[in-house]
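Data block for entry-v7.pdb (PDB, C-alpha atoms):
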```
MODEL        1
ATOM      1  CA  MET X   3      17.186  13.239  17.959
ATOM      2  CA  SER X   4      19.294  10.890  15.789
ATOM      3  CA  HIS X   5      19.500  11.301  12.027
ATOM      4  CA  VAL X   6      17.717   7.997  11.502
ATOM      5  CA  GLU X   7      14.871   9.021  13.829
ATOM      6  CA  ASP X   8      14.479  12.383  12.123
ATOM      7  CA  GLU X   9      14.461  10.731   8.698
ATOM      8  CA  LEU X  10      11.986   7.981   9.527
ATOM      9  CA  ASN X  11       9.595  10.613  10.890
ATOM     10  CA  SER X  12       9.613  12.403   7.512
ATOM     11  CA  GLN X  13       8.277   9.430   5.553
ATOM     12  CA  PRO X  14       4.631  10.496   5.130
ATOM     13  CA  GLU X  15       5.767  13.712   3.439
ATOM     14  CA  CYS X  16       8.283  11.854   1.273
ATOM     15  CA  TRP X  17       5.671   9.325   0.159
ATOM     16  CA  THR X  18       3.202  12.064  -0.733
ATOM     17  CA  ARG X  19       5.768  13.872  -2.854
ATOM     18  CA  ALA X  20       6.901  10.626  -4.499
ATOM     19  CA  ALA X  21       3.339   9.742  -5.470
ATOM     20  CA  GLU X  22       2.807  13.213  -6.938
ATOM     21  CA  GLU X  23       5.987  13.061  -9.040
ATOM     22  CA  THR X  24       5.903   9.433 -10.217
ATOM     23  CA  GLY X  25       4.119  10.307 -13.454
ATOM     24  CA  ARG X  26       7.089  12.232 -14.813
ATOM     25  CA  HIS X  27       9.269   9.141 -14.346
ATOM     26  CA  ALA X  28       6.890   6.796 -16.163
ATOM     27  CA  GLY X  29       9.105   6.378 -19.232
ATOM     28  CA  ALA X  30      12.000   5.166 -17.087
ATOM     29  CA  LEU X  31       9.926   2.636 -15.149
ATOM     30  CA  PRO X  32       8.855  -0.848 -16.292
ATOM     31  CA  ALA X  33       6.049  -0.921 -18.837
ATOM     32  CA  PRO X  34       3.234  -3.503 -18.667
ATOM     33  CA  GLY X  35       4.299  -6.755 -20.270
ATOM     34  CA  GLU X  36       8.037  -6.220 -19.885
ATOM     35  CA  ARG X  37      10.029  -9.032 -18.310
ATOM     36  CA  VAL X  38      11.815  -7.267 -15.474
ATOM     37  CA  ALA X  39      14.468  -7.945 -12.859
ATOM     38  CA  LEU X  40      14.831  -5.671  -9.845
ATOM     39  CA  VAL X  41      18.178  -5.646  -8.073
ATOM     40  CA  GLY X  42      19.780  -4.044  -5.054
ATOM     41  CA  CYS X  43      21.955  -4.711  -2.032
ATOM     42  CA  GLY X  44      20.881  -4.920   1.600
ATOM     43  CA  THR X  45      17.769  -2.848   2.202
ATOM     44  CA  SER X  46      17.438  -2.097  -1.518
ATOM     45  CA  TYR X  47      17.363  -5.832  -2.270
ATOM     46  CA  PHE X  48      14.489  -6.339   0.151
ATOM     47  CA  MET X  49      12.574  -3.435  -1.394
ATOM     48  CA  ALA X  50      13.201  -5.096  -4.764
ATOM     49  CA  GLN X  51      11.643  -8.298  -3.424
ATOM     50  CA  ALA X  52       8.523  -6.419  -2.340
ATOM     51  CA  ALA X  53       8.211  -4.493  -5.597
ATOM     52  CA  ALA X  54       8.715  -7.606  -7.729
ATOM     53  CA  ALA X  55       5.947  -9.451  -5.902
ATOM     54  CA  LEU X  56       3.608  -6.472  -6.271
ATOM     55  CA  ARG X  57       4.255  -6.075  -9.989
ATOM     56  CA  GLU X  58       3.809  -9.721 -10.873
ATOM     57  CA  SER X  59       0.683 -10.117  -8.728
ATOM     58  CA  ALA X  60      -0.746  -7.032 -10.478
ATOM     59  CA  GLY X  61      -0.453  -8.832 -13.821
ATOM     60  CA  GLN X  62       2.156  -6.420 -15.178
ATOM     61  CA  GLY X  63       4.591  -9.122 -16.292
ATOM     62  CA  GLU X  64       7.151 -11.617 -15.020
ATOM     63  CA  THR X  65       9.230  -9.893 -12.367
ATOM     64  CA  ASP X  66      12.170 -11.248 -10.374
ATOM     65  CA  ALA X  67      14.331  -9.793  -7.616
ATOM     66  CA  PHE X  68      17.997 -10.499  -6.985
ATOM     67  CA  ALA X  69      20.855  -9.303  -4.887
ATOM     68  CA  ALA X  70      22.959  -7.435  -7.440
ATOM     69  CA  SER X  71      25.862  -9.845  -6.903
ATOM     70  CA  GLU X  72      23.636 -12.850  -7.711
ATOM     71  CA  PHE X  73      22.074 -11.674 -10.965
ATOM     72  CA  PRO X  74      21.640 -14.636 -13.399
ATOM     73  CA  HIS X  75      23.339 -13.396 -16.553
ATOM     74  CA  GLY X  76      22.040 -16.282 -18.642
ATOM     75  CA  ARG X  77      18.433 -15.193 -18.155
ATOM     76  CA  PRO X  78      16.958 -12.629 -20.595
ATOM     77  CA  TYR X  79      15.110  -9.534 -19.353
ATOM     78  CA  ASP X  80      13.570  -6.556 -21.114
ATOM     79  CA  ARG X  81      14.676  -4.270 -18.301
ATOM     80  CA  VAL X  82      16.776  -4.386 -15.151
ATOM     81  CA  LEU X  83      15.854  -1.831 -12.498
ATOM     82  CA  ALA X  84      18.414  -1.156  -9.775
ATOM     83  CA  LEU X  85      17.713   0.473  -6.415
ATOM     84  CA  THR X  86      20.763   2.259  -4.985
ATOM     85  CA  ARG X  87      20.524   5.098  -2.487
ATOM     86  CA  SER X  88      24.170   6.120  -2.765
ATOM     87  CA  GLY X  89      24.719   5.457  -6.472
ATOM     88  CA  THR X  90      28.168   4.088  -5.583
ATOM     89  CA  THR X  91      27.577   0.475  -4.486
ATOM     90  CA  THR X  92      30.144  -1.710  -6.216
ATOM     91  CA  GLU X  93      27.965  -4.704  -7.080
ATOM     92  CA  VAL X  94      25.217  -2.526  -8.574
ATOM     93  CA  LEU X  95      27.631  -0.511 -10.696
ATOM     94  CA  ASP X  96      29.406  -3.648 -11.921
ATOM     95  CA  LEU X  97      26.095  -5.189 -12.976
ATOM     96  CA  LEU X  98      24.820  -2.091 -14.781
ATOM     97  CA  ARG X  99      28.074  -1.691 -16.675
ATOM     98  CA  ARG X 100      28.032  -5.333 -17.718
ATOM     99  CA  LEU X 101      24.475  -4.980 -19.039
ATOM    100  CA  ARG X 102      25.260  -1.841 -21.030
ATOM    101  CA  GLY X 103      24.158  -2.219 -24.652
ATOM    102  CA  THR X 104      22.419  -5.568 -24.107
ATOM    103  CA  THR X 105      19.606  -4.920 -21.598
ATOM    104  CA  ARG X 106      17.769  -1.677 -20.883
ATOM    105  CA  THR X 107      18.561  -0.475 -17.360
ATOM    106  CA  THR X 108      17.061   2.006 -14.921
ATOM    107  CA  ALA X 109      18.524   3.128 -11.607
ATOM    108  CA  VAL X 110      16.532   4.678  -8.762
ATOM    109  CA  THR X 111      18.910   6.719  -6.610
ATOM    110  CA  ALA X 112      19.077   9.583  -4.141
ATOM    111  CA  ASP X 113      22.182  11.232  -5.585
ATOM    112  CA  PRO X 114      22.467  12.130  -9.281
ATOM    113  CA  ASP X 115      26.122  13.183  -8.911
ATOM    114  CA  THR X 116      27.443   9.643  -8.583
ATOM    115  CA  PRO X 117      28.739   6.945 -10.965
ATOM    116  CA  VAL X 118      25.322   5.306 -11.346
ATOM    117  CA  THR X 119      24.240   8.180 -13.600
ATOM    118  CA  ALA X 120      26.687   7.021 -16.267
ATOM    119  CA  ALA X 121      26.206   3.312 -15.618
ATOM    120  CA  ALA X 122      22.421   3.125 -16.162
ATOM    121  CA  ASP X 123      20.463   3.987 -19.303
ATOM    122  CA  GLU X 124      17.821   5.921 -17.344
ATOM    123  CA  ILE X 125      17.762   7.497 -13.901
ATOM    124  CA  VAL X 126      15.008   8.230 -11.388
ATOM    125  CA  VAL X 127      16.320  10.693  -8.791
ATOM    126  CA  LEU X 128      14.693  10.901  -5.355
ATOM    127  CA  ASP X 129      17.059  13.473  -3.859
ATOM    128  CA  PHE X 130      14.369  14.764  -1.508
ATOM    129  CA  ALA X 131      14.459  11.366   0.233
ATOM    130  CA  ASP X 132      18.246  11.205   0.630
ATOM    131  CA  GLU X 133      19.578  10.480   4.105
ATOM    132  CA  ARG X 134      22.486  11.347   6.369
ATOM    133  CA  SER X 135      22.112   8.115   8.314
ATOM    134  CA  VAL X 136      23.860   4.861   7.487
ATOM    135  CA  VAL X 137      20.677   2.950   8.298
ATOM    136  CA  GLN X 138      18.173   3.330   5.438
ATOM    137  CA  THR X 139      14.594   4.280   6.174
ATOM    138  CA  ARG X 140      12.924   6.946   4.058
ATOM    139  CA  PHE X 141      14.813   6.448   0.795
ATOM    140  CA  ALA X 142      13.924   2.759   0.672
ATOM    141  CA  THR X 143      10.246   3.245   1.464
ATOM    142  CA  THR X 144       9.993   6.228  -0.887
ATOM    143  CA  ALA X 145      11.501   4.222  -3.746
ATOM    144  CA  LEU X 146       8.960   1.481  -3.086
ATOM    145  CA  THR X 147       6.205   4.106  -3.017
ATOM    146  CA  VAL X 148       7.246   5.245  -6.492
ATOM    147  CA  LEU X 149       6.960   1.689  -7.772
ATOM    148  CA  ARG X 150       3.626   1.126  -6.013
ATOM    149  CA  THR X 151       2.279   4.351  -7.474
ATOM    150  CA  HIS X 152       3.484   3.364 -10.939
ATOM    151  CA  LEU X 153       1.463   0.158 -10.554
ATOM    152  CA  GLY X 154      -1.623   2.068  -9.393
ATOM    153  CA  LEU X 155      -1.373   0.542  -5.915
ATOM    154  CA  HIS X 156      -0.571   3.561  -3.766
ATOM    155  CA  THR X 157      -3.426   5.317  -1.938
ATOM    156  CA  ASP X 158      -3.815   8.162   0.536
ATOM    157  CA  THR X 159      -4.623   5.513   3.150
ATOM    158  CA  VAL X 160      -1.002   4.360   3.076
ATOM    159  CA  VAL X 161       0.161   7.828   4.109
ATOM    160  CA  THR X 162      -2.518   8.036   6.782
ATOM    161  CA  ASP X 163      -1.388   4.689   8.148
ATOM    162  CA  ALA X 164       2.217   5.923   8.216
ATOM    163  CA  ARG X 165       1.156   8.902  10.317
ATOM    164  CA  THR X 166      -0.639   6.503  12.657
ATOM    165  CA  ALA X 167       2.506   4.362  12.868
ATOM    166  CA  LEU X 168       4.484   7.425  13.942
ATOM    167  CA  SER X 169       1.989   8.787  16.441
ATOM    168  CA  THR X 170       0.855   5.725  18.402
ATOM    169  CA  ALA X 171       2.748   4.015  21.206
ATOM    170  CA  LEU X 172       4.577   0.762  20.580
ATOM    171  CA  PRO X 173       2.972  -2.296  22.234
ATOM    172  CA  ALA X 174       3.784  -2.752  25.906
ATOM    173  CA  GLY X 175       6.681  -5.101  26.588
ATOM    174  CA  LEU X 176       7.954  -5.081  23.004
ATOM    175  CA  VAL X 177      11.161  -3.112  23.589
ATOM    176  CA  GLU X 178      12.167  -5.509  26.349
ATOM    177  CA  CYS X 179      11.964  -8.614  24.144
ATOM    178  CA  ALA X 180      15.198 -10.509  23.487
ATOM    179  CA  GLN X 181      14.333 -11.884  20.043
ATOM    180  CA  PHE X 182      12.123 -10.703  17.181
ATOM    181  CA  THR X 183      10.597 -12.613  14.283
ATOM    182  CA  PHE X 184       8.966 -10.781  11.367
ATOM    183  CA  LEU X 185       6.489 -12.478   9.040
ATOM    184  CA  GLY X 186       5.031 -11.516   5.685
ATOM    185  CA  ARG X 187       2.892 -12.840   2.848
ATOM    186  CA  GLY X 188       3.322 -12.028  -0.833
ATOM    187  CA  TRP X 189       4.938  -8.625  -1.211
ATOM    188  CA  SER X 190       5.280  -8.124   2.527
ATOM    189  CA  VAL X 191       7.814 -10.982   2.774
ATOM    190  CA  GLY X 192      10.381  -8.490   1.457
ATOM    191  CA  LEU X 193       9.248  -6.005   4.104
ATOM    192  CA  ALA X 194       9.619  -8.661   6.799
ATOM    193  CA  ASN X 195      13.185  -9.270   5.623
ATOM    194  CA  GLU X 196      13.855  -5.534   5.813
ATOM    195  CA  ALA X 197      12.297  -5.318   9.285
ATOM    196  CA  GLY X 198      14.715  -7.942  10.521
ATOM    197  CA  LEU X 199      17.646  -6.129   8.945
ATOM    198  CA  LYS X 200      16.635  -2.803  10.547
ATOM    199  CA  MET X 201      16.645  -4.358  13.998
ATOM    200  CA  ARG X 202      20.047  -5.965  13.428
ATOM    201  CA  GLU X 203      21.620  -2.796  12.027
ATOM    202  CA  ALA X 204      20.326  -0.242  14.503
ATOM    203  CA  ALA X 205      19.911  -2.304  17.674
ATOM    204  CA  LEU X 206      22.134  -5.405  17.249
ATOM    205  CA  SER X 207      19.036  -7.520  17.878
ATOM    206  CA  TRP X 208      18.522 -11.234  17.315
ATOM    207  CA  THR X 209      15.985 -11.210  14.501
ATOM    208  CA  GLU X 210      14.574 -13.587  11.914
ATOM    209  CA  ALA X 211      12.146 -13.208   9.001
ATOM    210  CA  TYR X 212      10.003 -15.737   7.152
ATOM    211  CA  PRO X 213       6.991 -16.138   4.891
ATOM    212  CA  ALA X 214       4.157 -16.491   7.376
ATOM    213  CA  MET X 215       3.138 -19.998   6.299
ATOM    214  CA  GLU X 216       6.741 -21.205   6.631
ATOM    215  CA  TYR X 217       7.051 -20.047  10.217
ATOM    216  CA  ARG X 218       5.309 -23.146  11.539
ATOM    217  CA  HIS X 219       7.728 -25.426   9.678
ATOM    218  CA  GLY X 220      10.464 -25.194  12.300
ATOM    219  CA  PRO X 221      11.147 -21.545  13.213
ATOM    220  CA  ILE X 222       8.286 -21.355  15.720
ATOM    221  CA  SER X 223      10.336 -23.684  17.920
ATOM    222  CA  VAL X 224      12.442 -20.727  19.168
ATOM    223  CA  THR X 225       9.373 -18.704  20.171
ATOM    224  CA  THR X 226       8.811 -18.449  23.894
ATOM    225  CA  ARG X 227       8.266 -15.916  26.661
ATOM    226  CA  GLY X 228      10.455 -12.895  26.000
ATOM    227  CA  THR X 229      10.273 -13.197  22.217
ATOM    228  CA  ALA X 230       8.037 -11.334  19.779
ATOM    229  CA  THR X 231       6.461 -12.363  16.476
ATOM    230  CA  TRP X 232       5.300  -9.461  14.292
ATOM    231  CA  MET X 233       3.011  -9.993  11.304
ATOM    232  CA  LEU X 234       3.263  -7.472   8.464
ATOM    233  CA  GLY X 235      -0.085  -7.863   6.718
ATOM    234  CA  THR X 236      -2.913 -10.310   7.294
ATOM    235  CA  ALA X 237      -1.945 -13.417   9.256
ATOM    236  CA  PRO X 238      -2.894 -16.959   8.227
ATOM    237  CA  ASP X 239      -5.803 -18.382  10.183
ATOM    238  CA  GLY X 240      -4.816 -19.750  13.571
ATOM    239  CA  LEU X 241      -1.262 -18.424  13.619
ATOM    240  CA  ALA X 242      -1.853 -15.750  16.261
ATOM    241  CA  GLU X 243      -3.318 -18.292  18.656
ATOM    242  CA  GLN X 244      -0.463 -20.687  18.008
ATOM    243  CA  VAL X 245       2.135 -18.016  18.785
ATOM    244  CA  ARG X 246       0.343 -16.912  21.924
ATOM    245  CA  GLY X 247       0.297 -20.549  23.009
ATOM    246  CA  THR X 248       4.095 -20.550  23.071
ATOM    247  CA  GLY X 249       4.151 -17.688  25.572
ATOM    248  CA  GLY X 250       5.571 -15.315  22.974
ATOM    249  CA  LEU X 251       4.294 -11.816  22.246
ATOM    250  CA  TRP X 252       2.151 -11.632  19.086
ATOM    251  CA  ILE X 253       2.036  -8.299  17.210
ATOM    252  CA  GLU X 254      -0.816  -8.039  14.711
ATOM    253  CA  GLY X 255      -0.191  -5.923  11.627
ATOM    254  CA  THR X 256      -3.260  -3.690  11.468
ATOM    255  CA  LEU X 257      -1.831  -1.017   9.136
ATOM    256  CA  ASP X 258      -0.691  -1.126   5.525
ATOM    257  CA  PRO X 259       2.447  -3.326   5.571
ATOM    258  CA  LEU X 260       4.684  -0.415   4.522
ATOM    259  CA  ALA X 261       3.369   1.580   7.481
ATOM    260  CA  GLU X 262       3.987  -1.426   9.714
ATOM    261  CA  LEU X 263       7.615  -1.224   8.589
ATOM    262  CA  VAL X 264       7.682   2.346   9.906
ATOM    263  CA  ARG X 265       6.602   0.998  13.290
ATOM    264  CA  VAL X 266       9.489  -1.477  13.164
ATOM    265  CA  GLN X 267      11.905   1.356  12.357
ATOM    266  CA  ARG X 268      10.669   3.126  15.486
ATOM    267  CA  LEU X 269      11.152  -0.073  17.463
ATOM    268  CA  ALA X 270      14.738  -0.367  16.232
ATOM    269  CA  VAL X 271      15.507   3.149  17.501
ATOM    270  CA  ALA X 272      13.769   2.449  20.821
ATOM    271  CA  VAL X 273      15.634  -0.818  21.387
ATOM    272  CA  ALA X 274      18.927   0.861  20.479
ATOM    273  CA  ALA X 275      18.246   3.566  23.057
ATOM    274  CA  ALA X 276      17.334   1.005  25.711
ATOM    275  CA  ARG X 277      20.627  -0.802  25.066
ATOM    276  CA  GLY X 278      22.735   2.355  25.064
ATOM    277  CA  LEU X 279      23.479   2.153  21.340
ATOM    278  CA  ASP X 280      23.694   4.952  18.772
ATOM    279  CA  PRO X 281      21.536   4.010  15.742
ATOM    280  CA  ASP X 282      23.463   6.542  13.641
ATOM    281  CA  ARG X 283      26.664   4.549  14.171
ATOM    282  CA  PRO X 284      25.799   0.909  13.432
ATOM    283  CA  ARG X 285      28.616  -1.516  14.090
ATOM    284  CA  HIS X 286      30.870  -2.386  11.104
ATOM    285  CA  LEU X 287      28.637  -0.538   8.598
ATOM    286  CA  THR X 288      29.118   2.377   6.202
ATOM    287  CA  ARG X 289      26.599   4.328   4.135
ATOM    288  CA  SER X 290      27.734   2.615   0.913
ATOM    289  CA  VAL X 291      29.690  -0.583   0.328
ATOM    290  CA  ILE X 292      32.525   0.179  -2.074
ATOM    291  CA  LEU X 293      34.790  -2.781  -2.675
ATOM    292  CA  ALA X 294      38.461  -2.359  -3.528
ATOM    293  CA  PRO X 295      39.293  -3.425  -7.129
TER     294      PRO X 295
ENDMDL
END
```
Written form, structure tokens:
Amino acid sequence: MSHVEDELNSQPECWTRAAEETGRHAGALPAPGERVALVGCGTSYFMAQAAAALRESAGQGETDAFAASEFPHGRPYDRVLALTRSGTTTEVLDLLRRLRGTTRTTAVTADPDTPVTAAADEIVVLDFADERSVVQTRFATTALTVLRTHLGLHTDTVVTDARTALSTALPAGLVECAQFTFLGRGWSVGLANEAGLKMREAALSWTEAYPAMEYRHGPISVTTRGTATWMLGTAPDGLAEQVRGTGGLWIEGTLDPLAELVRVQRLAVAVAAARGLDPDRPRHLTRSVILAP
């Protein structure tokens, strides 16, 4: 079994532990009414997108998400929260150091013995969700679980759905598809973006991701027999029928969207295996991006 497969299978346990321990991190996490920016790179950026949408829709305060390299320094925030599994990503560290003394910062990381500990004002350590794999799975979803729990939005049903995602077969014909499109609404748009990234990283797949309502404004034109469209969350009325009319394979998201992402992680491993690829050794990637000065 690959590292990434072993780690994605451990997610229900990681989420349960994260939910149990979130309370002791409350002082380091955004308070209601704060104006907050969440930042990250790659997978962490897409988790930031999901968390920002959840927080703002919950009425907790204005919340934005940015790739760490694209943070708008002219915009004031009460807090900047960075997601960084490794604690060594160059763009995240540069941003936190630049904000030192002007904006309160929090970093959520898997490794407390890294430079991010000194760069951020406050640290949330999820070392139990750290990973050996280059491809992120459980750290990202566990960090999002912490933020969902902090907002009062995590339930036992999410964990149950994750177990279902791990124990049920993938839809027939899905692994054989040549192209995959992932759709989301609200907070699950970030998850759709992450689903596409997982398939590219682990399986070198042709993937796209869109807000569900935007899919009909052009992207549906590439959908045909041999392609798959996967909805994370509840689909807009009529979209399933429209996709099926193209000859493409429609995958309905019946589980909590975060659990649907677990199903996509499984798909990425399965497609990699079918193509003779090693998901633990994604092409051109390393566990952390550290740029030379």
Find the residues around Glu15 (chain X) up to 10 Å (only C-alpha atoms counted), leave out those fewer than 2 positions away in its own chain, and share them as a list of chain:residue names.
X:Asn11, X:Ser12, X:Gln13, X:Trp17, X:Thr18, X:Arg19, X:Ala20, X:Phe130, X:Ala131, X:Arg140, X:Thr144, X:Val161, X:Ala164, X:Arg165
Output the residue selection produced by the PyMOL selection byres ((chain X and resi 221) around 12) on the file above, formatted as number ranges by chain.
X: 182-185, 209-220, 222-226, 231, 245
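The space between CA of Arg150 (chain X) and CA of Gly25 (chain X) spans 11.8 Å.
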Find the residues around Trp208 (chain X) up to 8 Å (all atoms listed in the file counted), leave out those fewer than 2 positions away in its own chain, and share them as a count of residues only.
7
Tell me which protein, DNA and RNA residues are within 12 Å of Ile253 (chain X), counting all atoms listed in the file, leaving out same-chain ones fewer than 6 positions away, and put them as a list of chain:residue names.
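Final neighbour list, sorted by chain and number: X:Leu172, X:Pro173, X:Ala174, X:Gly175, X:Leu176, X:Phe182, X:Thr183, X:Phe184, X:Leu185, X:Thr229, X:Ala230, X:Thr231, X:Trp232, X:Met233, X:Leu234, X:Gly235, X:Thr236, X:Ala237, X:Leu241, X:Ala242, X:Glu243, X:Val245, X:Arg246, X:Glu262, X:Arg265, X:Val266.
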List as JSON, numbers by chain: which residues have an atom within 10 Å of (24.9, 8.7, 13.6), counting all atoms listed in the file?
{"X": [3, 4, 5, 6, 134, 135, 136, 137, 280, 281, 282, 283, 284]}
In Å, how far is it from CA of Arg77 (chain X) to CA of Thr151 (chain X)?
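Going from CA of Arg77 (chain X) over to CA of Thr151 (chain X), I get 27.5 Å.
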To one decimal in Å, tell me the separation between CA of Pro34 (chain X) and CA of Ala122 (chain X).
20.5 Å
Looking at only C-alpha atoms, which of X:Ala60, X:Thr45, X:Val127, X:Ala112 is the one that sits closest to Leu199 (chain X)?
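For Leu199 (chain X), the nearest of the given residues is X:Thr45.
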Extract, using all atoms listed in the file, all DNA, RNA and protein residues at most 10 Å from Thr104 (chain X), discarding same-chain residues fewer than 6 positions from it, and format them as a list in words.
Pro78, Tyr79, Asp80 and Arg81 of chain X
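Among X:Asp163, X:Glu133, X:Glu36, X:Glu178, the residue with the shortest atom-to-atom distance to Leu257 (chain X), counting all atoms listed in the file, is X:Asp163.
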The PyMOL selection byres ((chain X and resi 56) around 9) - which residues does that actually catch in the file I just gave you? List them as a list of chain:residue names.
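So the PyMOL selection byres ((chain X and resi 56) around 9), applied here, picks out X:Gln51, X:Ala52, X:Ala53, X:Ala54, X:Ala55, X:Arg57, X:Glu58, X:Ser59, X:Ala60, X:Gly61, X:Thr65, X:Leu149, X:Arg150, X:Leu153, X:Leu155, X:Gly188, X:Trp189.
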With only C-alpha atoms counted and 10 Å as the cut-off, give the residues of region 125-157 of chain X in contact with region 191-197 of chain X, each with its shortest interatomic distance in Å and the pair that gives it, as a Markdown table.
```
| residue | atom | partner | partner_atom | distance |
| --- | --- | --- | --- | --- |
| X:Gln138 | CA | X:Glu196 | CA | 9.9 |
| X:Thr139 | CA | X:Glu196 | CA | 9.8 |
| X:Ala142 | CA | X:Glu196 | CA | 9.8 |
| X:Thr143 | CA | X:Leu193 | CA | 9.7 |
```
Residue IDs satisfying the PyMOL selection byres ((chain X and resi 106-110) around 9), as a PDB file with C-alpha atoms, in the frame of the given file:
```pdb
ATOM      1  CA  ALA X  30      12.000   5.166 -17.087  1.00  0.00           C
ATOM      2  CA  LEU X  31       9.926   2.636 -15.149  1.00  0.00           C
ATOM      3  CA  PRO X  32       8.855  -0.848 -16.292  1.00  0.00           C
ATOM      4  CA  TYR X  79      15.110  -9.534 -19.353  1.00  0.00           C
ATOM      5  CA  ASP X  80      13.570  -6.556 -21.114  1.00  0.00           C
ATOM      6  CA  ARG X  81      14.676  -4.270 -18.301  1.00  0.00           C
ATOM      7  CA  VAL X  82      16.776  -4.386 -15.151  1.00  0.00           C
ATOM      8  CA  LEU X  83      15.854  -1.831 -12.498  1.00  0.00           C
ATOM      9  CA  ALA X  84      18.414  -1.156  -9.775  1.00  0.00           C
ATOM     10  CA  LEU X  85      17.713   0.473  -6.415  1.00  0.00           C
ATOM     11  CA  THR X  86      20.763   2.259  -4.985  1.00  0.00           C
ATOM     12  CA  ARG X  87      20.524   5.098  -2.487  1.00  0.00           C
ATOM     13  CA  GLY X  89      24.719   5.457  -6.472  1.00  0.00           C
ATOM     14  CA  LEU X  98      24.820  -2.091 -14.781  1.00  0.00           C
ATOM     15  CA  LEU X 101      24.475  -4.980 -19.039  1.00  0.00           C
ATOM     16  CA  ARG X 102      25.260  -1.841 -21.030  1.00  0.00           C
ATOM     17  CA  GLY X 103      24.158  -2.219 -24.652  1.00  0.00           C
ATOM     18  CA  THR X 104      22.419  -5.568 -24.107  1.00  0.00           C
ATOM     19  CA  THR X 105      19.606  -4.920 -21.598  1.00  0.00           C
ATOM     20  CA  THR X 111      18.910   6.719  -6.610  1.00  0.00           C
ATOM     21  CA  ALA X 112      19.077   9.583  -4.141  1.00  0.00           C
ATOM     22  CA  VAL X 118      25.322   5.306 -11.346  1.00  0.00           C
ATOM     23  CA  THR X 119      24.240   8.180 -13.600  1.00  0.00           C
ATOM     24  CA  ALA X 121      26.206   3.312 -15.618  1.00  0.00           C
ATOM     25  CA  ALA X 122      22.421   3.125 -16.162  1.00  0.00           C
ATOM     26  CA  ASP X 123      20.463   3.987 -19.303  1.00  0.00           C
ATOM     27  CA  GLU X 124      17.821   5.921 -17.344  1.00  0.00           C
ATOM     28  CA  ILE X 125      17.762   7.497 -13.901  1.00  0.00           C
ATOM     29  CA  VAL X 126      15.008   8.230 -11.388  1.00  0.00           C
ATOM     30  CA  VAL X 127      16.320  10.693  -8.791  1.00  0.00           C
ATOM     31  CA  LEU X 128      14.693  10.901  -5.355  1.00  0.00           C
ATOM     32  CA  ALA X 145      11.501   4.222  -3.746  1.00  0.00           C
TER      33      ALA X 145
END
```
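Each of X:Thr24, X:Ser46, X:Thr248, X:Thr170 was compared to Leu269 (chain X) using all atoms listed in the file, and X:Thr170 turns out to be the nearest.
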